[in-house]
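A.B. asks: Got a structure here, written out as structure tokens. Questions coming.
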Amino acid sequence: MLPEGFLQRMQTQLKEEYPAFLESLERPRAVALRMNPLKGDAPRLPFVLDNVPWEQNGYYYDPQARPGLHPYHEAGVYYLQEASAMSAVALLDPQPGELVCDLCAAPGGKTTQIAGRMMGQGLLLCNEINPKRAQILSRNVERMGVANALVTNEHPGRLAEKYKGLFHRVLIDAPCSGEGMFRKEEAAVTDWSQQTVEMCARRQAEILHSGAALLRPGGRLVYSTCTFAPEENEQTVANFLKEHPEFEAEPMDAPWFTPAGEGQFRLWPHKLLGEGHFVAVLRKTDGEETDARPAPGEKLPKLWTEFAKELDISLPRGKTIAFGSSLYWAPEEMPELGGIKVLRPGLELGTVKKDRFEPAHALALHLKTASRTKDLTPDSPEAQKYMRGEVLECNGRGWTLVRINSYSIGWGKCDGKVLKNHYPKGLRR
């Protein structure tokens, strides 16, 4: 049962389209996934159907399938993402080499979509204010093999103070009342109230203010929600533009969506295969650029250099950062991190022990190949054994990259007879 106040407002909003809207909520929802270009060419999968029109790597899939259980999912070959949720990054249009901020990034769908478009070049700051959700974000960044992401757990206002005017593009997929998810999530229905809508609108205004400060002049800000409430969508954008004369709505060509004002679009479930969404594209026309300086790099330890040479590993352009007990590889553009709650400052390479280097799971997921590999097929008993943490037969010696049909999934260490399993215990089935 949908809330009566919501239904009354929707009838006023949609008028003659209201019956079609109600009917769409009774239909089974479309499910989609997004292939990860960082992993190379996408595999052909029997459950993958038609392309999502606004995302070249997005595909609908057979709702009877369970792609989240396939080894390719754990290898980061694809991300399960609702089709309408792919629209915001499509309009953000991030480019390789830019500095991009995803300000409300958990669980990581849009962050990893941005990363796929950046192709490892530039800096992607992805932030989540909730600590538990930030951990999920960090894990998804790792699973998808992203090397150029700085994952933070901060208040947007703190980041705005620290990195004012730094970014070419900023995405704000704002926390909202979730009306567009009523068909997908029962909790969105039970938690709804008009007071929640108004509370979300106030919070969205605060986050937008921080996002505005993070953007450099000439940069693009995309604001999105998964709700139908005008208070959280068109009204929030209108109030923002009134308070920030340095911004203007940016006209966009988006034929798949319903126009909702200059540079603003609505995605209606009765007009496309997806849930409800709102997206606004804004351009910053004036302001100050940042004076933030990149953080200095550190010297690569000899044990890493020897390990990388042995396995023929090459890294993208970047610099070394020691973070806790781990060694990370960060993009050249990585800013100074003092005073910021950081979960992941780039690609985790591993840990330098007393007399050896122990590679990180993140490094395995980033790599496509190495001089020593153990290749498995997704439906083989060996693949299932590996994902359960069991040992496998192995002829070589030393650290070995385990792959599922050429897609890396983790490490093992061979002793000439067996491969000791280093698949993380928390991921084992």
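Ordering of the structure tokens sets the chain letters (A, B, ...), residue numbers begin anew at 1 in every chain, and ligands are numbered from 1 in the order given.
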Please, which residues of region 213-317 of chain A, numbered as in this document, come out helix (DSSP H, G or I) from DSSP, as a PyMOL selection string?
C.D. replies: chain A and resi 213-214+230-232+234-243+302-310
A.B. asks: Write out as number ranges by chain each polymer residue whose atoms come within 10 Å of Pro53 (chain A), counting only C-alpha atoms; drop sequence neighbours fewer than 6 positions from it.
C.D. replies: A: 59, 83, 87, 255-256, 272-273
A.B. asks: If DSSP is run on the backbone, what residues of region 162-194 of chain A are strand (DSSP E or B)? A reply as a list in words would be ideal.
C.D. replies: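 Checking each residue of region 162-194 of chain A, the strand (DSSP E or B) ones are Phe167, His168, Arg169, Val170, Leu171, Ile172 and Asp173 of chain A.
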A.B. asks: Using only C-alpha atoms, find each residue in region 121-204 of chain A having at least one atom no more than 9 Å away from region 322-335 of chain A; report its shortest atom-to-atom pair and that distance in Å (one decimal), rows by chain then rising number, as CSV.
C.D. replies:
```
residue,atom,partner,partner_atom,distance
A:Gln121,CA,A:Pro331,CA,7.7
A:Gly122,CA,A:Pro331,CA,6.6
A:Leu123,CA,A:Glu333,CA,6.1
A:Ala147,CA,A:Ala330,CA,7.3
A:Asn148,CA,A:Pro331,CA,5.6
A:Ala149,CA,A:Ala330,CA,8.0
A:Leu150,CA,A:Met334,CA,7.8
A:Tyr163,CA,A:Pro335,CA,8.4
```
A.B. asks: Give me, please, the distance in Å between CA of Met10 (chain A) and CA of Asp191 (chain A), quoted to one decimal.
C.D. replies: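 A separation of 17.5 Å between them.
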A.B. asks: Might you pull out every residue within 10 Å of Gly276 (chain A), with only C-alpha atoms counted and same-chain residues fewer than 6 positions away left off, and present them as a list in words?
C.D. replies: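 These residues fall inside the cut-off: Ser84, Ala85, Gly178, Glu179, Gly180, Met181, Phe182, Arg183, Thr225, Cys226, Thr227, Phe228, Arg266, Leu267, Trp268, Pro269 and His270 of chain A.
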A.B. asks: Fewer than 6 positions away in the same chain doesn't count, so skip those; otherwise give me all residues within 9 Å of Val141 (chain A), counting only C-alpha atoms, as JSON, numbers by chain.
C.D. replies: {"A": [108, 111, 112, 115, 147, 149, 151, 362]}
A.B. asks: Kindly save the residues from that selection, with C-alpha atoms included, as a JSON list (two decimals), in the first residue's frame.
C.D. replies:
```json
[["chain", "number", "residue", "atom", "x", "y", "z"],
["A", 108, "GLY", "CA", 29.70, 2.59, -5.23],
["A", 111, "THR", "CA", 31.69, 5.81, -8.44],
["A", 112, "THR", "CA", 32.72, 2.68, -10.34],
["A", 115, "ALA", "CA", 36.00, 5.11, -12.85],
["A", 147, "ALA", "CA", 43.45, 2.33, -9.14],
["A", 149, "ALA", "CA", 40.27, 6.46, -6.37],
["A", 151, "VAL", "CA", 37.94, 6.88, -0.73],
["A", 362, "ALA", "CA", 43.27, -5.11, -4.53]]
```
A.B. asks: Determine, counting only C-alpha atoms, which protein, DNA and RNA residues have an atom within 9 Å of an atom of Leu376 (chain A); residues of the same chain fewer than 6 positions away are not included. Present the result as a list in words.
C.D. replies: Glu382, Ala383, Val402, Arg403, Ile404, Asn405 and Ser406 of chain A
A.B. asks: Could you save the residues just selected, with C-alpha atoms, as a compact mmCIF listing (two decimals), in the first residue's frame?
C.D. replies:
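Output contents, as saved in result33.txt:
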```
# COMPACT_ATOMS: atom_id res chain seq x y z
CA GLU A 382 38.62 -25.70 -9.33
CA ALA A 383 37.05 -22.23 -9.50
CA VAL A 402 44.54 -16.57 -10.23
CA ARG A 403 42.20 -15.74 -13.11
CA ILE A 404 38.74 -16.80 -14.22
CA ASN A 405 38.81 -16.90 -18.04
CA SER A 406 41.50 -14.17 -18.10
```
A.B. asks: Given the choices A:Glu154, A:Ser408, A:Glu17, A:Leu363, which gets closest to Leu315 (chain A) if the distance is worked out from only C-alpha atoms?
C.D. replies: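 Using only C-alpha atoms, Leu315 (chain A) sits closest to A:Leu363.
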A.B. asks: Tell me which of A:Thr369, A:Gln264, A:Thr320, A:Ser314 sits closest to Lys299 (chain A), counting only C-alpha atoms.
C.D. replies: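 Nearest candidate to Lys299 (chain A) out of A:Thr369, A:Gln264, A:Thr320, A:Ser314: A:Thr320.
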A.B. asks: Would you please work out which residue, of A:Pro359, A:Pro71, A:Pro63, A:Pro107, is nearest to Asn140 (chain A) when using only C-alpha atoms?
C.D. replies: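 The shortest atom-to-atom distance to Asn140 (chain A) comes from A:Pro107.
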A.B. asks: Quick one: residues within 9 Å of Gly58 (chain A), only C-alpha atoms counted, chain neighbours fewer than 6 positions away excluded, as a short mmCIF file (atom, residue, chain, number, x, y, z; two decimals) with C-alpha atoms, in the first residue's frame?
C.D. replies:
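New file result22.cif:
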```cif
data_model
loop_
_atom_site.label_atom_id
_atom_site.label_comp_id
_atom_site.auth_asym_id
_atom_site.auth_seq_id
_atom_site.Cartn_x
_atom_site.Cartn_y
_atom_site.Cartn_z
CA ALA A 32 20.42 -4.32 -15.06
CA LEU A 33 24.18 -4.58 -14.72
CA ARG A 34 27.10 -2.55 -16.00
CA MET A 35 30.18 -4.12 -17.56
CA ASP A 50 19.45 -5.53 -24.39
CA ASN A 51 21.68 -2.50 -23.92
CA VAL A 52 20.61 0.31 -21.55
CA GLN A 81 23.21 -1.41 -10.98
CA ALA A 83 19.32 1.20 -15.11
CA MET A 86 23.20 5.00 -14.59
#
```
A.B. asks: Using only C-alpha atoms, which of the listed residues (A:Leu38, A:Leu45, A:Ala280, A:Leu137) sits closest to His366 (chain A)?
C.D. replies: A:Leu38
A.B. asks: Could you check the closest approach to Trp54 (chain A) for each of A:His73, A:Arg202, A:Glu23, A:Ala254 and tell me which residue wins, using only C-alpha atoms?
C.D. replies: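 The answer is A:Ala254, which sits nearest to Trp54 (chain A).
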A.B. asks: In Å, how far is it from CA of Leu49 (chain A) to CA of Tyr61 (chain A)?
C.D. replies: 5.0 Å
